[in-house]
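Below is the file protein.cif, which contains mmCIF, C-alpha atoms and all ligand atoms.
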data_my_file
loop_
_atom_site.label_atom_id
_atom_site.label_comp_id
_atom_site.auth_asym_id
_atom_site.auth_seq_id
_atom_site.Cartn_x
_atom_site.Cartn_y
_atom_site.Cartn_z
CA MET A 1 81.85 -48.06 -170.34
CA SER A 2 81.91 -44.49 -169.08
CA ASP A 3 80.08 -43.56 -165.89
CA LYS A 4 76.72 -41.88 -165.79
CA PRO A 5 77.19 -38.14 -166.30
CA GLU A 6 75.80 -35.86 -163.62
CA LYS A 7 74.02 -33.72 -166.15
CA PHE A 8 73.13 -34.45 -169.76
CA ILE A 9 72.08 -30.92 -170.68
CA ASP A 10 73.99 -27.84 -169.52
CA GLU A 11 72.67 -24.44 -168.52
CA ASN A 12 72.87 -23.28 -172.15
CA GLY A 13 70.62 -26.08 -173.26
CA LEU A 14 73.48 -27.95 -174.91
CA ARG A 15 74.02 -31.68 -174.66
CA LEU A 16 77.27 -33.52 -173.89
CA ASP A 17 78.21 -33.53 -177.58
CA GLY A 18 77.28 -29.85 -178.00
CA ARG A 19 73.97 -30.42 -179.76
CA ARG A 20 70.70 -28.75 -178.97
CA VAL A 21 67.87 -31.01 -177.81
CA ASP A 22 66.24 -31.05 -181.26
CA GLU A 23 69.39 -31.55 -183.32
CA ILE A 24 70.51 -34.77 -184.99
CA ARG A 25 74.12 -35.88 -185.21
CA PRO A 26 76.00 -35.10 -188.44
CA MET A 27 75.15 -37.64 -191.13
CA THR A 28 77.01 -38.46 -194.34
CA VAL A 29 76.00 -41.01 -196.95
CA GLU A 30 77.57 -42.56 -200.00
CA MET A 31 75.62 -44.70 -202.42
CA GLY A 32 76.80 -47.48 -204.70
CA VAL A 33 79.84 -48.40 -202.63
CA LEU A 34 79.60 -52.16 -203.31
CA SER A 35 79.96 -53.22 -206.91
CA ARG A 36 78.63 -56.74 -206.38
CA ALA A 37 75.41 -55.76 -204.66
CA ASP A 38 72.47 -54.52 -206.73
CA GLY A 39 72.33 -51.48 -204.48
CA SER A 40 74.33 -50.23 -201.53
CA CYS A 41 74.88 -47.34 -199.19
CA TYR A 42 77.49 -46.48 -196.59
CA LEU A 43 76.26 -44.17 -193.87
CA GLU A 44 77.98 -42.43 -191.00
CA TRP A 45 75.87 -40.85 -188.31
CA GLY A 46 77.83 -39.44 -185.42
CA ASN A 47 80.11 -42.33 -184.54
CA ASN A 48 77.85 -44.95 -186.11
CA LYS A 49 79.11 -46.55 -189.30
CA VAL A 50 76.68 -48.69 -191.23
CA LEU A 51 76.78 -50.43 -194.58
CA ALA A 52 73.58 -51.50 -196.33
CA ALA A 53 73.47 -53.84 -199.32
CA VAL A 54 70.49 -54.92 -201.39
CA TYR A 55 70.29 -57.98 -203.61
CA GLY A 56 67.33 -58.57 -205.89
CA PRO A 57 64.65 -58.79 -206.89
CA ARG A 58 65.68 -62.34 -207.71
CA GLU A 59 63.83 -65.62 -207.76
CA LEU A 60 63.33 -66.96 -204.24
CA HIS A 61 64.58 -70.41 -203.34
CA PRO A 62 63.38 -72.64 -201.88
CA ARG A 63 60.23 -72.07 -203.87
CA ARG A 64 57.92 -72.95 -201.03
CA LEU A 65 58.84 -69.59 -199.48
CA GLN A 66 57.67 -67.68 -202.55
CA ARG A 67 54.67 -65.43 -202.31
CA PRO A 68 52.41 -65.81 -205.33
CA SER A 69 51.34 -62.19 -205.58
CA GLU A 70 54.31 -60.22 -204.27
CA ALA A 71 57.99 -60.24 -203.46
CA LEU A 72 59.32 -61.21 -200.06
CA VAL A 73 61.45 -58.50 -198.46
CA ARG A 74 64.06 -59.92 -196.11
CA TYR A 75 65.96 -57.57 -193.85
CA ARG A 76 68.97 -58.66 -191.88
CA TYR A 77 70.47 -56.36 -189.25
CA ASN A 78 73.85 -57.45 -187.97
CA MET A 79 76.44 -55.92 -185.70
CA ALA A 80 80.01 -56.74 -186.61
CA ALA A 81 81.98 -58.39 -183.80
CA PHE A 82 84.29 -55.37 -183.73
CA SER A 83 81.52 -52.75 -183.77
CA VAL A 84 81.43 -52.16 -180.00
CA GLU A 85 84.03 -51.79 -177.27
CA ASP A 86 83.67 -55.37 -176.07
CA ARG A 87 83.60 -57.84 -178.90
CA ILE A 88 80.10 -59.03 -179.85
CA ARG A 89 79.57 -62.73 -180.30
CA PRO A 90 79.11 -63.25 -184.05
CA GLY A 91 75.81 -64.63 -185.35
CA PRO A 92 72.19 -63.78 -184.78
CA SER A 93 71.03 -62.83 -181.30
CA ARG A 94 67.56 -62.19 -179.92
CA ARG A 95 68.23 -58.46 -180.25
CA SER A 96 69.37 -58.61 -183.88
CA THR A 97 66.51 -60.94 -184.82
CA GLU A 98 63.99 -58.51 -183.36
CA ILE A 99 65.61 -55.50 -185.00
CA SER A 100 65.71 -57.31 -188.34
CA LYS A 101 62.01 -58.08 -188.14
CA VAL A 102 60.79 -54.62 -187.18
CA SER A 103 63.18 -52.85 -189.55
CA GLY A 104 62.02 -54.93 -192.51
CA GLU A 105 58.45 -54.06 -191.65
CA ALA A 106 59.37 -50.37 -191.63
CA PHE A 107 59.54 -50.59 -195.45
CA GLU A 108 56.19 -52.32 -195.79
CA PRO A 109 54.15 -49.39 -197.20
CA VAL A 110 56.79 -48.10 -199.61
CA VAL A 111 58.35 -51.09 -201.41
CA MET A 112 56.14 -52.01 -204.36
CA LYS A 113 56.39 -55.73 -203.80
CA GLN A 114 53.44 -56.49 -206.06
CA PHE A 115 55.67 -55.97 -209.10
CA TYR A 116 57.77 -59.03 -208.32
CA PRO A 117 55.64 -62.02 -207.36
CA GLY A 118 57.74 -65.02 -206.38
CA ALA A 119 60.87 -62.92 -205.95
CA VAL A 120 62.92 -61.95 -202.94
CA ILE A 121 64.56 -58.65 -202.12
CA ASP A 122 67.34 -59.10 -199.59
CA VAL A 123 68.44 -56.15 -197.49
CA PHE A 124 71.57 -56.54 -195.40
CA ALA A 125 72.43 -53.89 -192.82
CA GLU A 126 75.86 -54.33 -191.32
CA VAL A 127 76.82 -52.19 -188.34
CA LEU A 128 80.56 -51.65 -188.54
CA GLN A 129 80.78 -49.24 -185.63
CA ALA A 130 78.01 -48.80 -183.05
CA ASP A 131 77.38 -45.73 -180.98
CA ALA A 132 73.64 -45.70 -180.15
CA GLY A 133 70.91 -45.51 -182.74
CA THR A 134 72.24 -48.26 -184.98
CA ARG A 135 68.82 -49.62 -185.97
CA THR A 136 67.75 -46.15 -187.09
CA ALA A 137 71.03 -45.57 -188.92
CA ALA A 138 70.64 -48.94 -190.65
CA ILE A 139 67.12 -48.07 -191.86
CA ASN A 140 68.35 -44.76 -193.27
CA ALA A 141 71.12 -46.54 -195.15
CA ALA A 142 68.83 -49.36 -196.29
CA THR A 143 66.39 -46.89 -197.87
CA LEU A 144 69.12 -45.51 -200.10
CA ALA A 145 70.47 -48.96 -200.90
CA LEU A 146 66.97 -49.99 -202.03
CA VAL A 147 66.75 -46.95 -204.29
CA ASP A 148 70.25 -47.67 -205.56
CA ALA A 149 69.12 -51.19 -206.44
CA GLY A 150 66.29 -49.73 -208.52
CA ILE A 151 63.57 -51.22 -206.34
CA PRO A 152 60.31 -49.38 -207.12
CA MET A 153 59.26 -47.46 -204.03
CA LYS A 154 56.47 -45.03 -203.28
CA GLY A 155 58.88 -42.89 -201.28
CA LEU A 156 61.73 -42.93 -198.83
CA VAL A 157 61.82 -44.08 -195.22
CA ALA A 158 63.73 -42.18 -192.54
CA SER A 159 64.35 -43.11 -188.95
CA CYS A 160 65.59 -41.51 -185.76
CA ALA A 161 65.10 -41.94 -182.05
CA VAL A 162 63.84 -39.62 -179.35
CA GLY A 163 64.72 -40.06 -175.70
CA LYS A 164 64.48 -38.39 -172.34
CA VAL A 165 67.31 -37.12 -170.20
CA ASP A 166 67.27 -34.65 -167.31
CA GLY A 167 63.48 -34.61 -167.65
CA GLN A 168 63.68 -33.30 -171.22
CA LEU A 169 62.97 -34.89 -174.56
CA VAL A 170 66.02 -35.07 -176.83
CA LEU A 171 66.36 -36.03 -180.48
CA ASP A 172 68.75 -38.72 -181.75
CA LEU A 173 70.30 -40.13 -178.56
CA ASN A 174 74.03 -40.34 -178.19
CA LYS A 175 75.65 -43.22 -176.32
CA PRO A 176 75.49 -41.87 -172.75
CA GLU A 177 71.92 -40.69 -173.31
CA ASP A 178 71.01 -44.12 -174.64
CA ASN A 179 72.76 -45.95 -171.81
CA TYR A 180 71.66 -43.82 -168.88
CA GLY A 181 68.64 -41.88 -170.12
CA ASP A 182 65.07 -42.43 -168.97
CA ALA A 183 63.66 -43.51 -172.33
CA ASP A 184 64.52 -44.46 -175.91
CA LEU A 185 61.84 -44.19 -178.61
CA PRO A 186 63.13 -45.21 -182.06
CA ILE A 187 60.75 -44.22 -184.85
CA ALA A 188 60.71 -44.68 -188.62
CA MET A 189 58.34 -42.99 -191.01
CA THR A 190 57.53 -42.51 -194.67
CA GLU A 191 57.75 -39.16 -196.43
CA ASP A 192 54.05 -38.59 -195.92
CA GLY A 193 54.47 -39.10 -192.20
CA GLU A 194 53.14 -42.63 -191.82
CA ILE A 195 54.88 -44.22 -188.85
CA THR A 196 56.30 -47.60 -189.84
CA LEU A 197 58.36 -48.39 -186.77
CA LEU A 198 57.84 -47.37 -183.17
CA GLN A 199 59.54 -49.05 -180.27
CA MET A 200 59.97 -47.89 -176.72
CA ASP A 201 62.38 -48.58 -173.95
CA GLY A 202 61.94 -46.84 -170.58
CA ASN A 203 59.11 -44.64 -169.38
CA LEU A 204 57.33 -41.78 -171.09
CA THR A 205 53.90 -40.28 -170.47
CA ALA A 206 51.32 -40.24 -173.27
CA ASP A 207 51.95 -36.53 -173.68
CA GLU A 208 55.70 -37.09 -173.92
CA ILE A 209 55.19 -39.81 -176.51
CA ALA A 210 53.05 -37.46 -178.62
CA LYS A 211 55.66 -34.70 -178.33
CA GLY A 212 58.43 -37.20 -178.98
CA ILE A 213 56.78 -38.33 -182.20
CA GLU A 214 56.60 -34.73 -183.39
CA MET A 215 60.26 -34.28 -182.53
CA ALA A 216 61.15 -37.45 -184.45
CA ARG A 217 59.13 -36.16 -187.38
CA LYS A 218 61.35 -33.06 -187.50
CA GLY A 219 64.42 -35.27 -187.29
CA CYS A 220 63.15 -37.44 -190.14
CA GLU A 221 62.56 -34.36 -192.27
CA GLN A 222 66.24 -33.48 -191.88
CA ILE A 223 67.16 -37.04 -192.82
CA PHE A 224 64.90 -37.02 -195.90
CA ALA A 225 66.74 -33.88 -197.01
CA ILE A 226 70.11 -35.63 -196.62
CA GLN A 227 68.83 -38.72 -198.47
CA LYS A 228 67.48 -36.60 -201.32
CA GLU A 229 70.74 -34.72 -201.60
CA ALA A 230 72.52 -38.06 -201.95
CA LEU A 231 70.05 -39.13 -204.64
CA LEU A 232 70.56 -35.86 -206.48
CA SER A 233 74.30 -36.17 -206.49
CA LYS A 234 74.06 -39.75 -207.75
CA PHE A 235 71.23 -39.45 -210.26
CA GLY A 236 71.57 -35.80 -211.26
CA THR A 237 68.10 -34.40 -210.76
CA THR A 238 64.74 -34.92 -209.20
CA ASP A 239 63.29 -31.99 -211.11
CA GLU A 240 60.25 -33.29 -212.94
CA GLU A 241 60.68 -31.02 -215.95
CA GLU A 242 64.26 -32.04 -216.45
CA LEU A 243 63.39 -35.69 -216.06
CA LEU A 244 60.62 -35.27 -218.61
CA LYS A 245 62.95 -33.56 -221.08
CA GLU A 246 65.48 -36.32 -220.61
CA ALA A 247 62.80 -38.94 -221.24
CA GLU A 248 61.63 -37.11 -224.40
CA LEU A 249 65.17 -36.85 -225.64
CA GLN A 250 65.69 -40.54 -225.16
CA ALA A 251 62.40 -41.29 -226.91
CA GLU A 252 63.47 -39.14 -229.87
CA VAL A 253 66.81 -40.87 -230.13
CA ALA A 254 65.04 -44.18 -229.99
CA THR A 255 62.55 -43.25 -232.69
CA SER A 256 65.05 -41.64 -235.04
CA GLU A 257 67.83 -44.21 -234.79
CA ASP A 258 66.07 -47.41 -233.99
CA GLU A 259 65.43 -50.17 -236.42
CA THR A 260 65.91 -48.09 -239.58
CA GLU A 261 67.78 -50.88 -241.30
CA ASP A 262 65.21 -53.52 -240.59
CA VAL A 263 61.93 -51.88 -241.38
CA GLU A 264 62.09 -48.61 -243.29
CA VAL A 265 58.37 -48.24 -243.53
CA VAL A 266 58.05 -48.42 -239.79
CA SER A 267 60.73 -45.75 -239.34
CA GLU A 268 58.74 -43.36 -241.51
CA VAL A 269 55.72 -43.86 -239.37
CA VAL A 270 57.76 -43.26 -236.26
CA SER A 271 59.09 -39.96 -237.65
CA GLU A 272 55.52 -38.92 -238.17
CA VAL A 273 54.92 -39.60 -234.52
CA ALA A 274 57.88 -37.38 -233.58
CA LEU A 275 56.58 -34.56 -235.79
CA GLU A 276 53.01 -34.73 -234.66
CA ASP A 277 53.66 -35.70 -231.13
CA GLU A 278 50.85 -33.57 -229.78
CA ASP A 279 48.18 -35.48 -231.62
CA ASP A 280 47.15 -38.33 -229.38
CA GLU A 281 44.65 -39.77 -231.83
CA LEU A 282 47.25 -40.01 -234.55
CA LYS A 283 49.57 -41.65 -232.06
CA ASP A 284 47.03 -44.35 -231.43
CA GLU A 285 46.65 -44.94 -235.16
CA VAL A 286 50.38 -45.12 -235.57
CA ASP A 287 50.65 -47.60 -232.75
CA GLU A 288 48.09 -49.73 -234.54
CA ASP A 289 50.06 -49.45 -237.77
CA LEU A 290 53.19 -50.46 -235.98
CA GLU A 291 51.50 -53.48 -234.55
CA LEU A 292 50.25 -54.47 -237.98
CA GLN A 293 53.67 -54.11 -239.53
CA ASP A 294 55.57 -55.69 -236.73
CA GLU A 295 56.55 -59.18 -237.69
CA GLY A 296 58.41 -59.58 -234.42
CA GLU A 297 61.72 -58.67 -236.04
CA ALA A 298 62.38 -54.99 -235.73
CA PHE A 299 59.88 -53.92 -233.11
CA THR A 300 58.21 -55.47 -230.20
CA ASP A 301 55.24 -53.95 -228.46
CA ASP A 302 57.45 -53.15 -225.53
CA GLU A 303 59.81 -51.10 -227.63
CA VAL A 304 57.11 -49.08 -229.29
CA GLU A 305 54.86 -48.55 -226.34
CA ASP A 306 55.47 -46.80 -223.09
CA THR A 307 58.06 -48.77 -221.17
CA SER A 308 56.59 -47.57 -217.91
CA ASP A 309 53.89 -50.25 -218.16
CA GLU A 310 53.50 -51.86 -214.82
CA ALA A 311 55.95 -54.64 -214.23
CA GLU A 312 53.01 -56.67 -213.09
CA ASP A 313 51.73 -56.76 -216.65
CA LEU A 314 55.15 -57.73 -217.92
CA PHE A 315 55.56 -60.58 -215.50
CA GLY A 316 52.08 -61.89 -216.10
CA GLU A 317 50.70 -64.60 -213.89
CA ASP A 318 53.35 -67.22 -214.11
CA VAL A 319 56.38 -65.39 -212.84
CA SER A 320 58.48 -68.52 -212.65
CA GLU A 321 58.76 -68.34 -216.44
CA PHE A 322 60.52 -65.01 -216.28
CA GLU A 323 63.88 -63.76 -215.25
CA ILE A 324 63.22 -61.53 -212.32
CA ASN A 325 66.34 -59.46 -212.54
CA GLU A 326 69.14 -58.91 -214.98
CA GLY A 327 71.52 -61.79 -214.73
CA THR A 328 69.16 -63.93 -212.71
CA GLU A 329 68.92 -67.28 -214.35
CA SER A 330 66.40 -69.98 -214.06
CA GLU A 331 66.39 -72.41 -211.20
CA GLY A 332 69.44 -74.55 -210.89
CA ASP A 333 71.84 -72.14 -212.53
CA SER A 334 73.68 -70.61 -209.64
CA SER A 335 76.61 -69.39 -211.69
CA SER A 336 75.04 -66.03 -212.34
CA GLU A 337 73.89 -65.31 -208.80
CA PRO A 338 75.46 -62.26 -207.23
CA GLU A 339 78.39 -63.06 -205.04
CA GLY A 340 77.34 -63.54 -201.47
CA ALA A 341 74.12 -65.26 -202.48
CA GLU A 342 73.70 -68.66 -200.95
CA SER A 343 72.74 -71.76 -202.81
CA ASP A 344 69.33 -73.31 -202.13
CA GLU A 345 70.84 -75.69 -199.66
CA ASP A 346 72.83 -73.03 -197.87
CA GLU A 347 69.89 -70.78 -197.65
CA GLY A 348 67.71 -73.54 -196.31
CA GLU A 349 70.22 -74.28 -193.60
CA LYS A 350 70.60 -70.64 -192.71
CA ASN A 351 66.91 -70.15 -192.37
CA GLU A 352 66.59 -72.92 -189.91
P1 LIG B 1 70.39 -48.98 -181.10
O1 LIG B 1 71.81 -49.14 -181.54
O2 LIG B 1 69.42 -49.11 -182.21
O3 LIG B 1 70.20 -47.74 -180.27
P2 LIG B 1 70.18 -50.37 -178.61
O4 LIG B 1 69.44 -49.30 -177.93
O5 LIG B 1 69.81 -51.80 -178.29
O6 LIG B 1 70.08 -50.23 -180.17
O7 LIG B 1 71.73 -50.23 -178.30
C1 LIG B 1 72.33 -49.01 -178.02
C2 LIG B 1 73.80 -49.11 -178.19
O8 LIG B 1 74.32 -50.02 -177.24
C3 LIG B 1 74.23 -49.67 -179.52
O9 LIG B 1 74.25 -48.68 -180.52
C4 LIG B 1 75.61 -50.16 -179.19
O10 LIG B 1 76.52 -49.09 -179.19
C5 LIG B 1 75.43 -50.69 -177.81
N1 LIG B 1 75.17 -52.14 -177.82
C6 LIG B 1 74.06 -52.77 -178.23
N2 LIG B 1 74.18 -54.09 -178.13
C7 LIG B 1 75.41 -54.32 -177.61
C8 LIG B 1 76.15 -55.49 -177.26
N3 LIG B 1 75.64 -56.70 -177.41
N4 LIG B 1 77.39 -55.33 -176.77
C9 LIG B 1 77.92 -54.11 -176.61
N5 LIG B 1 77.29 -52.96 -176.94
C10 LIG B 1 76.05 -53.06 -177.42
#
Represent the structure from my file as structure tokens, please.
Ligand code: ADP
Amino acid sequence: MSDKPEKFIDENGLRLDGRRVDEIRPMTVEMGVLSRADGSCYLEWGNNKVLAAVYGPRELHPRRLQRPSEALVRYRYNMAAFSVEDRIRPGPSRRSTEISKVSGEAFEPVVMKQFYPGAVIDVFAEVLQADAGTRTAAINAATLALVDAGIPMKGLVASCAVGKVDGQLVLDLNKPEDNYGDADLPIAMTEDGEITLLQMDGNLTADEIAKGIEMARKGCEQIFAIQKEALLSKFGTTDEEELLKEAELQAEVATSEDETEDVEVVSEVVSEVALEDEDDELKDEVDEDLELQDEGEAFTDDEVEDTSDEAEDLFGEDVSEFEINEGTESEGDSSSEPEGAESDEDEGEKNE
């Protein structure tokens, strides 16, 4: 480990790595890097390299761990043995257990767990190369992996730390600042500024904490921008109008092509809907007609009606009767579980 530097900030206000006090390290992200996970993200932040993978929602085993009204979100932070200069002993440590717990809780207000009662959403954050700020880097990667997995979320979560060196607050600590600085204040927050993680190491006054939080807020705004850019490049657009047009186009294709062979009468009615789309009352009537004519062959309610109905309604009360996720089979059939998923027994052992 390098020695403590004499000064962390030079006369020009620049830090050892050339950053200003309120600047974060360069961050790059890539989503969907793991084909066997439901969602994934590889993130580099300065010299940190982190991989996040999400599995689920899938039915949780053993069943006694299931929550009747929501999904369980499990977050596992792990540092690879080769991620630091001296090899880290593999397996959970007190530090990684603590980080896993608080990081999972950082997603509490955004993940819409109520849609998947009885299910589990597993988030794995693997630190491949560590250089200070790994828990914050892992949270930033995990957010995108969750989105990549299609988990319904109210918004994104971003995280960065603030610290104190040479009597000054600095954003996003580098390694020497983390090792030898006076304080380390990792923070995570939602897009609307709700703080979901706040830890502190070292000493800061109340005033410094308040200023530090504001500084972290600015850092998180930069990170949200990077995350959104990644989402744009993967999913094309976040523009509401374009998304709406796309949805309308898909609805038109569905109504004009669907089920024509099976029920001609129904197709005619659907064309009427396309022509007189503006007329809500007529739409209701048509929906009723469709229901009357639907013998369960060509149309189901789900196909005709808005597919954005809450998943809660779809899953009903007895979620165990339903497949939680594509490819997730009923209990006992482990053949379709994503690779890397443990069997009941394995999982039981691991949890102990
Ligand atoms: P964070 O990585 O979230 O800042 P810490 O403040 O605990 O978490 O750690 C700071 C840095 O110290 C880590 O990023 C890593 O580079 C290094 N570090 C942490 N734990 C170990 C360890 N067990 N062995 C060697 N280096 C470690």
Environment of ligand LIG 1 (chain B) within 7 Å, counting all atoms listed in the file, reported as a PyMOL selection string: chain A and resi 84-86+88+130-136+175+178-179
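One distance worth recording is that between atom CA of Ser159 of chain A and atom CA of Lys218 of chain A, which is 10.6 Å.
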Contact residues around Arg15 of chain A with all atoms listed in the file at 12 Å, ignoring same-chain residues under 5 positions, as a count of residues only: 25
Å distance separating atom CA of Glu98 of chain A from atom CA of Leu185 of chain A, one decimal place: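 Computing the Euclidean distance for atom CA of Glu98 of chain A and atom CA of Leu185 of chain A yields 15.2 Å.
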Selected residue, from A:Ser93, A:Ser40, A:Thr28, A:Ser83, that lies nearest to Gln227 of chain A when counting all atoms listed in the file: A:Thr28
Spatial neighbours of segment 186-196 of chain A, max dist 8 Å, all atoms listed in the file, sep filter under 4 positions, as a list in words: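 After dropping sequence-adjacent residues, the list is Glu105, Ala106, Phe107, Glu108, Pro109, Val110, Gly133, Thr136, Ile139, Gly155, Leu156, Val157, Ala158, Ser159, Cys160, Ala161, Val162, Met200, Ile213, Ala216, Arg217, Cys220, Glu221 and Phe224 of chain A.
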